[in-house]
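*Asks:* So here's protein-v1.txt, just compact mmCIF, C-alpha atoms:
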# COMPACT_ATOMS: atom_id res chain seq x y z
CA MET Z 770 36.45 21.94 104.36
CA ARG Z 771 38.01 23.32 101.17
CA VAL Z 772 36.13 22.31 98.01
CA LEU Z 773 37.50 22.63 94.49
CA GLY Z 774 34.63 23.36 92.08
CA ILE Z 775 34.75 22.54 88.35
CA GLU Z 776 32.19 23.86 85.86
CA THR Z 777 32.23 22.66 82.22
CA SER Z 778 28.58 22.37 81.22
CA CYS Z 779 28.76 24.45 78.04
CA ASP Z 780 31.20 27.08 76.76
CA GLU Z 781 32.89 28.34 79.92
CA THR Z 782 35.53 26.61 82.00
CA GLY Z 783 35.10 27.71 85.60
CA ILE Z 784 37.28 26.70 88.55
CA ALA Z 785 36.95 27.88 92.16
CA ILE Z 786 37.91 26.97 95.71
CA TYR Z 787 35.33 27.44 98.47
CA ASP Z 788 36.15 27.14 102.18
CA THR Z 789 33.14 26.31 104.37
CA GLU Z 790 34.62 28.40 107.19
CA THR Z 791 36.02 31.45 105.41
CA GLY Z 792 34.09 31.54 102.11
CA LEU Z 793 35.32 31.83 98.53
CA LEU Z 794 39.12 31.70 98.32
CA ALA Z 795 39.76 31.93 94.57
CA HIS Z 796 38.09 31.54 91.21
CA GLN Z 797 39.13 31.50 87.56
CA LEU Z 798 36.98 31.59 84.44
CA TYR Z 799 37.78 31.08 80.79
CA SER Z 800 35.09 31.90 78.23
CA GLN Z 801 34.98 30.37 74.75
CA VAL Z 802 32.79 33.17 73.37
CA ALA Z 803 35.41 34.45 70.92
CA MET Z 804 35.89 30.97 69.44
CA HIS Z 805 32.17 30.24 69.01
CA ALA Z 806 31.35 33.74 67.72
CA GLU Z 807 32.74 32.74 64.33
CA TYR Z 808 29.98 30.12 64.04
CA GLY Z 809 27.17 32.20 65.53
CA GLY Z 810 26.64 29.79 68.43
CA VAL Z 811 28.20 27.04 70.52
CA VAL Z 812 29.77 24.14 68.59
CA PRO Z 813 29.70 21.22 71.09
CA GLU Z 814 32.79 19.39 69.78
CA LEU Z 815 34.89 22.54 69.84
CA ALA Z 816 33.62 23.33 73.33
CA SER Z 817 34.71 19.92 74.63
CA ARG Z 818 38.17 20.20 73.10
CA ASP Z 819 38.70 23.66 74.55
CA HIS Z 820 37.71 22.46 78.03
CA ILE Z 821 40.39 19.77 77.71
CA ARG Z 822 43.01 22.39 76.86
CA LYS Z 823 42.07 24.83 79.62
CA ILE Z 824 40.90 22.83 82.62
CA LEU Z 825 44.21 21.74 84.17
CA PRO Z 826 46.00 25.10 83.71
CA LEU Z 827 42.98 26.81 85.29
CA ILE Z 828 43.03 24.42 88.26
CA GLU Z 829 46.73 25.17 88.76
CA ALA Z 830 46.06 28.92 88.49
CA THR Z 831 43.22 28.73 91.02
CA LEU Z 832 45.37 26.83 93.52
CA ALA Z 833 48.11 29.42 93.06
CA GLN Z 834 45.64 32.28 93.52
CA ALA Z 835 44.45 30.75 96.79
CA LYS Z 836 48.07 29.98 97.79
CA LEU Z 837 47.19 26.33 98.28
CA LYS Z 838 48.56 22.95 97.21
CA SER Z 839 46.58 19.95 96.05
CA SER Z 840 47.07 18.43 99.51
CA ASP Z 841 45.06 21.34 100.96
CA ILE Z 842 41.92 20.36 99.04
CA ASP Z 843 39.41 18.32 101.04
CA ALA Z 844 36.88 17.52 98.30
CA ILE Z 845 36.01 18.13 94.65
CA ALA Z 846 32.69 19.18 93.16
CA TYR Z 847 32.02 19.09 89.43
CA THR Z 848 29.05 19.75 87.17
CA LYS Z 849 27.34 16.44 86.45
CA GLY Z 850 24.49 17.92 84.39
CA PRO Z 851 22.50 19.23 82.67
CA GLY Z 852 24.56 20.46 79.73
CA LEU Z 853 26.47 19.33 76.64
CA VAL Z 854 27.45 15.70 77.14
CA GLY Z 855 31.01 16.09 75.83
CA ALA Z 856 31.68 19.17 77.91
CA LEU Z 857 30.22 17.51 81.01
CA LEU Z 858 32.43 14.46 80.50
CA VAL Z 859 35.58 16.60 80.51
CA GLY Z 860 34.83 18.14 83.90
CA SER Z 861 33.47 14.93 85.37
CA CYS Z 862 36.45 12.81 84.29
CA VAL Z 863 39.01 15.33 85.49
CA GLY Z 864 37.16 15.99 88.75
CA ARG Z 865 36.66 12.31 89.58
CA ALA Z 866 40.23 11.40 88.57
CA LEU Z 867 41.76 14.14 90.71
CA ALA Z 868 39.59 13.13 93.65
CA TYR Z 869 40.83 9.56 93.33
CA ALA Z 870 44.46 10.63 92.95
CA TRP Z 871 44.29 13.07 95.88
CA GLY Z 872 42.33 10.68 98.10
CA VAL Z 873 39.38 13.02 98.66
CA PRO Z 874 35.62 12.63 98.10
CA ALA Z 875 33.86 13.99 95.02
CA VAL Z 876 30.29 15.00 94.26
CA GLY Z 877 28.50 15.68 90.98
CA VAL Z 878 26.51 18.93 91.14
CA HIS Z 879 23.35 19.90 89.29
CA HIS Z 880 24.20 22.93 87.16
CA MET Z 881 20.92 24.73 87.88
CA GLU Z 882 21.17 24.06 91.61
CA GLY Z 883 24.52 25.80 91.39
CA HIS Z 884 22.84 28.83 89.81
CA LEU Z 885 20.01 28.71 92.32
CA LEU Z 886 22.44 28.77 95.25
CA ALA Z 887 24.84 31.35 93.77
CA PRO Z 888 23.22 34.23 95.74
CA MET Z 889 24.31 32.40 98.90
CA LEU Z 890 27.85 33.59 98.11
CA GLU Z 891 26.82 37.21 98.74
CA GLU Z 892 27.15 39.13 102.01
CA GLN Z 893 23.37 39.08 102.56
CA PRO Z 894 22.18 35.66 101.37
CA PRO Z 895 18.46 34.81 101.23
CA GLU Z 896 16.85 32.69 103.90
CA PHE Z 897 14.67 29.69 103.10
CA PRO Z 898 11.96 29.39 101.92
CA PHE Z 899 11.80 31.49 98.75
CA VAL Z 900 10.61 31.49 95.16
CA ALA Z 901 13.42 31.14 92.63
CA LEU Z 902 13.33 32.41 89.06
CA LEU Z 903 15.97 30.62 87.00
CA ILE Z 904 16.54 32.37 83.68
CA SER Z 905 19.29 31.32 81.30
CA GLY Z 906 19.91 30.33 77.70
CA GLY Z 907 18.44 26.88 78.30
CA HIS Z 908 16.04 27.34 81.21
CA THR Z 909 13.22 29.57 82.40
CA GLN Z 910 11.70 28.12 85.56
CA LEU Z 911 9.84 29.21 88.67
CA ILE Z 912 10.60 27.01 91.66
CA GLN Z 913 9.48 27.00 95.26
CA VAL Z 914 12.58 26.37 97.37
CA ASP Z 915 11.92 25.23 100.93
CA ALA Z 916 15.50 24.09 101.57
CA VAL Z 917 18.45 22.75 99.60
CA GLY Z 918 17.11 19.79 97.64
CA GLU Z 919 13.47 20.59 98.47
CA TYR Z 920 12.29 22.01 95.17
CA THR Z 921 8.77 22.26 93.76
CA LEU Z 922 8.54 23.21 90.09
CA LEU Z 923 5.84 25.87 89.73
CA GLY Z 924 6.22 26.70 86.05
CA GLU Z 925 8.66 26.57 83.15
CA SER Z 926 9.01 27.49 79.50
CA VAL Z 927 7.09 25.24 77.13
CA ASP Z 928 9.39 26.20 74.24
CA ASP Z 929 12.25 28.74 74.01
CA ALA Z 930 13.89 29.84 77.23
CA ALA Z 931 14.19 33.58 77.84
CA GLY Z 932 17.91 33.62 77.11
CA GLU Z 933 17.41 31.64 73.92
CA ALA Z 934 14.78 34.13 72.76
CA PHE Z 935 17.18 36.99 73.51
CA ASP Z 936 19.93 35.37 71.44
CA LYS Z 937 17.67 34.50 68.49
CA THR Z 938 16.14 37.98 68.38
CA ALA Z 939 19.59 39.52 68.56
CA LYS Z 940 20.64 37.42 65.58
CA LEU Z 941 17.60 38.67 63.64
CA LEU Z 942 18.78 42.21 64.40
CA GLY Z 943 22.20 41.38 62.95
CA LEU Z 944 24.03 41.31 66.29
CA ASP Z 945 27.04 39.10 66.88
CA TYR Z 946 27.15 36.13 69.26
CA PRO Z 947 26.48 36.17 72.19
CA GLY Z 948 23.43 38.17 71.24
CA GLY Z 949 21.59 38.57 74.54
CA PRO Z 950 23.98 41.05 76.20
CA ARG Z 951 24.39 42.92 72.90
CA LEU Z 952 20.62 43.27 72.52
CA ALA Z 953 20.38 44.61 76.08
CA LYS Z 954 23.08 47.17 75.27
CA LEU Z 955 21.19 48.21 72.14
CA ALA Z 956 17.96 48.52 74.13
CA GLU Z 957 19.54 51.15 76.37
CA GLN Z 958 19.38 53.56 73.42
CA GLY Z 959 15.81 52.66 72.44
CA GLN Z 960 12.67 54.73 72.87
CA ALA Z 961 9.51 53.53 74.58
CA GLY Z 962 6.18 53.44 72.75
CA ARG Z 963 7.20 53.01 69.13
CA PHE Z 964 6.72 49.23 69.17
CA LYS Z 965 4.44 47.17 71.38
CA PHE Z 966 5.26 43.48 71.81
CA PRO Z 967 2.93 40.88 73.40
CA ARG Z 968 3.40 39.53 76.92
CA PRO Z 969 3.03 35.81 76.11
CA MET Z 970 0.83 33.55 78.25
CA THR Z 971 -0.02 36.32 80.70
CA ASP Z 972 -3.66 36.46 79.61
CA ARG Z 973 -4.33 33.00 81.01
CA PRO Z 974 -3.84 31.41 84.44
CA GLY Z 975 -0.74 29.42 85.30
CA LEU Z 976 2.98 29.92 85.72
CA ASP Z 977 4.39 28.44 82.52
CA PHE Z 978 6.28 30.58 80.01
CA SER Z 979 6.45 30.72 76.23
CA PHE Z 980 8.93 32.91 74.37
CA SER Z 981 8.83 31.31 70.93
CA GLY Z 982 5.87 33.41 69.83
CA LEU Z 983 7.56 36.58 71.10
CA LYS Z 984 10.59 35.73 68.98
CA THR Z 985 8.31 35.21 65.95
CA PHE Z 986 6.60 38.55 66.62
CA ALA Z 987 10.04 40.18 66.73
CA ALA Z 988 11.00 38.50 63.43
CA ASN Z 989 7.85 39.77 61.72
CA THR Z 990 8.41 43.26 63.09
CA ILE Z 991 12.00 43.31 61.89
CA ARG Z 992 11.03 42.14 58.39
CA ALA Z 993 8.43 44.91 58.13
CA GLN Z 994 10.89 47.70 58.95
CA GLU Z 995 13.73 49.57 57.34
CA LEU Z 996 16.40 48.69 59.88
CA ASP Z 997 18.23 51.92 60.59
CA ASP Z 998 20.06 52.32 63.89
CA ALA Z 999 17.16 53.98 65.70
CA THR Z 1000 14.70 51.28 64.61
CA ARG Z 1001 16.99 48.48 65.77
CA CYS Z 1002 17.34 50.17 69.17
CA ASP Z 1003 13.57 50.67 69.49
CA ILE Z 1004 12.84 47.03 68.60
CA ALA Z 1005 15.43 45.85 71.11
CA TYR Z 1006 13.83 48.07 73.76
CA ALA Z 1007 10.33 46.75 73.06
CA PHE Z 1008 11.49 43.12 73.09
CA GLU Z 1009 13.41 43.47 76.34
CA GLU Z 1010 10.50 45.31 77.96
CA ALA Z 1011 8.11 42.51 76.94
CA VAL Z 1012 10.35 39.83 78.46
CA ALA Z 1013 10.80 41.81 81.68
CA ASP Z 1014 7.07 42.46 82.04
CA THR Z 1015 6.27 38.79 81.41
CA LEU Z 1016 8.71 37.69 84.10
CA VAL Z 1017 7.29 40.23 86.56
CA ILE Z 1018 3.70 39.06 85.99
CA LYS Z 1019 4.62 35.40 86.46
CA CYS Z 1020 6.77 36.07 89.53
CA GLN Z 1021 3.96 38.05 91.15
CA ARG Z 1022 1.62 35.14 90.57
CA ALA Z 1023 4.11 32.66 92.01
CA LEU Z 1024 4.68 34.76 95.14
CA LYS Z 1025 0.93 35.11 95.67
CA GLN Z 1026 0.37 31.38 95.11
CA THR Z 1027 3.06 30.35 97.60
CA GLY Z 1028 2.55 33.15 100.11
CA LEU Z 1029 6.28 33.87 100.10
CA SER Z 1030 7.96 37.29 100.13
CA ARG Z 1031 11.50 36.44 99.01
CA LEU Z 1032 12.49 36.07 95.36
CA VAL Z 1033 15.83 34.67 94.20
CA VAL Z 1034 16.74 35.44 90.59
CA ALA Z 1035 19.59 33.43 89.09
CA GLY Z 1036 21.09 32.30 85.79
CA GLY Z 1037 22.82 34.20 83.02
CA VAL Z 1038 19.82 36.38 82.10
CA SER Z 1039 19.54 37.56 85.73
CA ALA Z 1040 22.43 39.94 84.99
CA ASN Z 1041 20.11 41.95 82.70
CA LYS Z 1042 19.70 45.44 84.21
CA THR Z 1043 16.16 46.01 82.94
CA ILE Z 1044 14.93 42.71 84.33
CA ARG Z 1045 16.56 43.40 87.69
CA LYS Z 1046 15.03 46.88 87.86
CA SER Z 1047 11.58 45.53 87.01
CA LEU Z 1048 11.75 42.74 89.58
CA ASP Z 1049 13.12 45.10 92.24
CA SER Z 1050 10.13 47.39 91.64
CA LEU Z 1051 7.78 44.41 91.99
CA MET Z 1052 9.31 43.31 95.28
CA GLN Z 1053 9.23 46.87 96.63
CA LYS Z 1054 5.52 47.05 95.79
CA LEU Z 1055 4.93 43.69 97.48
CA GLN Z 1056 7.10 44.71 100.47
CA GLY Z 1057 9.33 41.73 99.80
CA GLN Z 1058 12.96 41.37 98.74
CA ALA Z 1059 14.78 40.19 95.64
CA PHE Z 1060 18.17 38.48 95.79
CA TYR Z 1061 20.74 38.11 93.01
CA ALA Z 1062 24.26 36.82 92.54
CA ARG Z 1063 26.86 39.39 91.56
CA PRO Z 1064 27.04 39.71 87.74
CA GLU Z 1065 30.21 37.61 87.41
CA PHE Z 1066 28.42 34.72 89.16
CA CYS Z 1067 25.25 34.96 87.07
CA THR Z 1068 26.91 33.27 84.11
CA ASP Z 1069 28.39 29.78 84.40
CA ASN Z 1070 31.20 29.70 86.98
CA GLY Z 1071 33.11 27.42 89.30
CA ALA Z 1072 32.21 29.30 92.49
CA MET Z 1073 28.57 28.25 92.39
CA ILE Z 1074 29.57 24.62 91.80
CA ALA Z 1075 32.07 24.68 94.67
CA TYR Z 1076 29.45 26.12 97.03
CA ALA Z 1077 26.66 23.74 95.98
CA GLY Z 1078 29.12 20.86 96.21
CA ALA Z 1079 30.17 21.89 99.71
CA VAL Z 1080 26.54 21.82 100.84
CA ARG Z 1081 25.99 18.37 99.35
CA LEU Z 1082 29.26 17.00 100.73
CA ALA Z 1083 28.40 18.28 104.21
CA ALA Z 1084 25.29 16.09 103.97
CA GLN Z 1085 27.50 13.08 103.21
CA GLN Z 1086 26.57 12.84 99.53
CA PHE Z 1087 29.43 11.44 97.45
CA GLU Z 1088 30.02 9.98 94.01
CA SER Z 1089 31.20 6.44 93.40
CA LEU Z 1090 34.20 5.74 91.18
CA GLU Z 1091 31.84 5.27 88.25
CA ILE Z 1092 31.71 8.41 86.10
CA GLN Z 1093 28.22 9.41 85.00
CA VAL Z 1094 26.87 12.61 83.50
CA LYS Z 1095 23.27 13.70 83.00
CA PRO Z 1096 22.77 15.96 79.96
CA ARG Z 1097 19.08 16.11 80.90
CA TRP Z 1098 18.37 16.27 84.62
CA PRO Z 1099 15.17 17.81 86.06
CA LEU Z 1100 15.97 19.94 89.10
CA ASP Z 1101 12.99 18.70 91.08
CA THR Z 1102 14.33 15.12 91.01
CA LEU Z 1103 17.29 16.01 93.25
CA SER Z 1104 17.49 14.34 96.64
CA GLN Z 1105 16.81 16.27 99.84
CA LEU Z 1106 19.63 16.77 102.29
CA LYS Z 1107 19.81 14.35 105.20
CA SER Z 1108 18.70 15.91 108.46
In structure tokens, write the structure found in this file.

*Replies:*
Amino acid sequence: MRVLGIETSCDETGIAIYDTETGLLAHQLYSQVAMHAEYGGVVPELASRDHIRKILPLIEATLAQAKLKSSDIDAIAYTKGPGLVGALLVGSCVGRALAYAWGVPAVGVHHMEGHLLAPMLEEQPPEFPFVALLISGGHTQLIQVDAVGEYTLLGESVDDAAGEAFDKTAKLLGLDYPGGPRLAKLAEQGQAGRFKFPRPMTDRPGLDFSFSGLKTFAANTIRAQELDDATRCDIAYAFEEAVADTLVIKCQRALKQTGLSRLVVAGGVSANKTIRKSLDSLMQKLQGQAFYARPEFCTDNGAMIAYAGAVRLAAQQFESLEIQVKPRWPLDTLSQLKS
């Protein structure tokens, strides 16, 4: 079965074709970063309009890359939520309309389930069960994953997500949008020991996260300093180190609580090199294994939607002709696959 995947949850238009027998055939991605950089963040109305402009040309380009015609597509998967409602409506309307016109089934995919399953596209995918750490601009969650659709939320951020804290701190340092990757680049030149940031909510039991206070600590530190290049690098280093250590502490707790030895790390922030290195060290110490998607599939993309959609479609889950999107959609409310 060849599945066309469509991702339009925020500021990236991602299209891909996944074959359940041979794997990923083609994928295309258009990022709106340059457009939103002028405003210092995503402007929802502009995002929706740009998806409208790009989505059909990208679908045509992906079909051409895979050397396929529309008649070769067996199903369509699109992001149904969570995300920006206007952006979601673009992908959902196009995906459902094409499915109707081509006479194939369609399924609406949960954006975070797509991220969670993205490591399955790699040569050595994880086996169930595992603990998943989902870290992105909008989410920081620890989830016990027993199978596709069998998710138990272990902990989540009570305020800012990790990616959001990265972006806000980067802005305080005067970095352009998107700030998270730029802060990580700056941190590579920083020195350890000059600044010490707190590891929030690690001095109490539980698996929830809080990064708002860490962002405030960073803001106070920045205001108290003369921001020369070295100081900015050292602050970035200390902030990134604090986030990485916090994630490690919480992941270790989650693995101990569940008795599992496999950790899947997904979402845009999972591309961060320092976080990966820290979590790899943890799993080596615990004699377990960490799994990641390749960097290009950590950010929003059509490949993860095509794969997640293929899994759902194989379980006979389809959408009706009615088009619905879910800007807010808890992951643990998803249905289990039929046995």

*Asks:* I'd like the contact shell of Z:Asp841 - 10 Å cut-off, all atoms listed in the file, skipping same-chain residues fewer than 2 positions apart - returned as a PyMOL selection string.

*Replies:* chain Z and resi 770-772+832+836-839+843-844+871

*Asks:* Work out how far apart atom CA of Z:Ile1018 and atom CA of Z:Phe1060 are and give it in Å to one decimal.

*Replies:* 17.5 Å

*Asks:* So that I can check the surroundings of Z:Lys1046, please list as a list in words every protein, DNA and RNA residue that reaches within 12 Å of it, counting all atoms listed in the file and ignoring chain neighbours fewer than 4 positions away.

*Replies:*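 With the cut-off at 12 Å, the set is Glu1010, Ala1013, Asp1014, Leu1016, Val1017, Val1034, Ser1039, Ala1040, Asn1041, Lys1042, Ser1050, Leu1051, Met1052, Gln1053, Ala1059, Phe1060 and Tyr1061 of chain Z.
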
*Asks:* Store the residues of this selection in a file with C-alpha atoms, as a PDB file, in the coordinates of the input.

*Replies:*
ATOM      1  CA  GLU Z1010      10.500  45.310  77.960  1.00  0.00           C
ATOM      2  CA  ALA Z1013      10.800  41.810  81.680  1.00  0.00           C
ATOM      3  CA  ASP Z1014       7.070  42.460  82.040  1.00  0.00           C
ATOM      4  CA  LEU Z1016       8.710  37.690  84.100  1.00  0.00           C
ATOM      5  CA  VAL Z1017       7.290  40.230  86.560  1.00  0.00           C
ATOM      6  CA  VAL Z1034      16.740  35.440  90.590  1.00  0.00           C
ATOM      7  CA  SER Z1039      19.540  37.560  85.730  1.00  0.00           C
ATOM      8  CA  ALA Z1040      22.430  39.940  84.990  1.00  0.00           C
ATOM      9  CA  ASN Z1041      20.110  41.950  82.700  1.00  0.00           C
ATOM     10  CA  LYS Z1042      19.700  45.440  84.210  1.00  0.00           C
ATOM     11  CA  SER Z1050      10.130  47.390  91.640  1.00  0.00           C
ATOM     12  CA  LEU Z1051       7.780  44.410  91.990  1.00  0.00           C
ATOM     13  CA  MET Z1052       9.310  43.310  95.280  1.00  0.00           C
ATOM     14  CA  GLN Z1053       9.230  46.870  96.630  1.00  0.00           C
ATOM     15  CA  ALA Z1059      14.780  40.190  95.640  1.00  0.00           C
ATOM     16  CA  PHE Z1060      18.170  38.480  95.790  1.00  0.00           C
ATOM     17  CA  TYR Z1061      20.740  38.110  93.010  1.00  0.00           C
TER      18      TYR Z1061
END

*Asks:* With distances taken over all atoms listed in the file, which of Z:Gln893, Z:Phe966, Z:Leu952, Z:Ser1104 is nearest to Z:Tyr920?

*Replies:* Z:Ser1104

*Asks:* Produce a table with one row for each residue of stretch 879-906 of chain Z that has an atom at most 7 Å from any atom of stretch 1071-1090 of chain Z, each row naming the nearest atom pair and its distance in Å at one decimal; use all atoms listed in the file; arrange rows by chain and rising residue number; format as a tab-separated table.

*Replies:*
residue	atom	partner	partner_atom	distance
Z:Gly883	CA	Z:Met1073	CA	4.8
Z:His884	CA	Z:Met1073	CA	6.3
Z:Leu886	CA	Z:Ala1077	CA	6.6
Z:Ala887	CA	Z:Met1073	CA	5.0

*Asks:* Produce a file of the selected residues containing C-alpha atoms, as a CSV table (one decimal), in the coordinates of the input.

*Replies:*
chain,number,residue,atom,x,y,z
Z,883,GLY,CA,24.5,25.8,91.4
Z,884,HIS,CA,22.8,28.8,89.8
Z,886,LEU,CA,22.4,28.8,95.2
Z,887,ALA,CA,24.8,31.4,93.8

*Asks:* If we count all atoms listed in the file and set the cut-off at 12 Å, which residues sit around stretch 986-992 of chain Z, ignoring sequence neighbours fewer than 6 positions away in its own chain? Please answer as an NGL selection string.

*Replies:* :Z and (934-943 or 963-969 or 980 or 1000-1009 or 1011-1012)

*Asks:* Extract, using only C-alpha atoms, all DNA, RNA and protein residues at most 7 Å from stretch 975-978 of chain Z, discarding same-chain residues fewer than 2 positions from it, and format them as a PyMOL selection string.

*Replies:* chain Z and resi 923-927+970+973+980+1019+1023

*Asks:* Point out the residue among Z:Thr971, Z:Thr831, Z:Gln1021, Z:Thr909 with the least atom-to-atom distance to Z:Leu1055, counting only C-alpha atoms.

*Replies:*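 Of Z:Thr971, Z:Thr831, Z:Gln1021, Z:Thr909, the one nearest Z:Leu1055, counting only C-alpha atoms, is Z:Gln1021.
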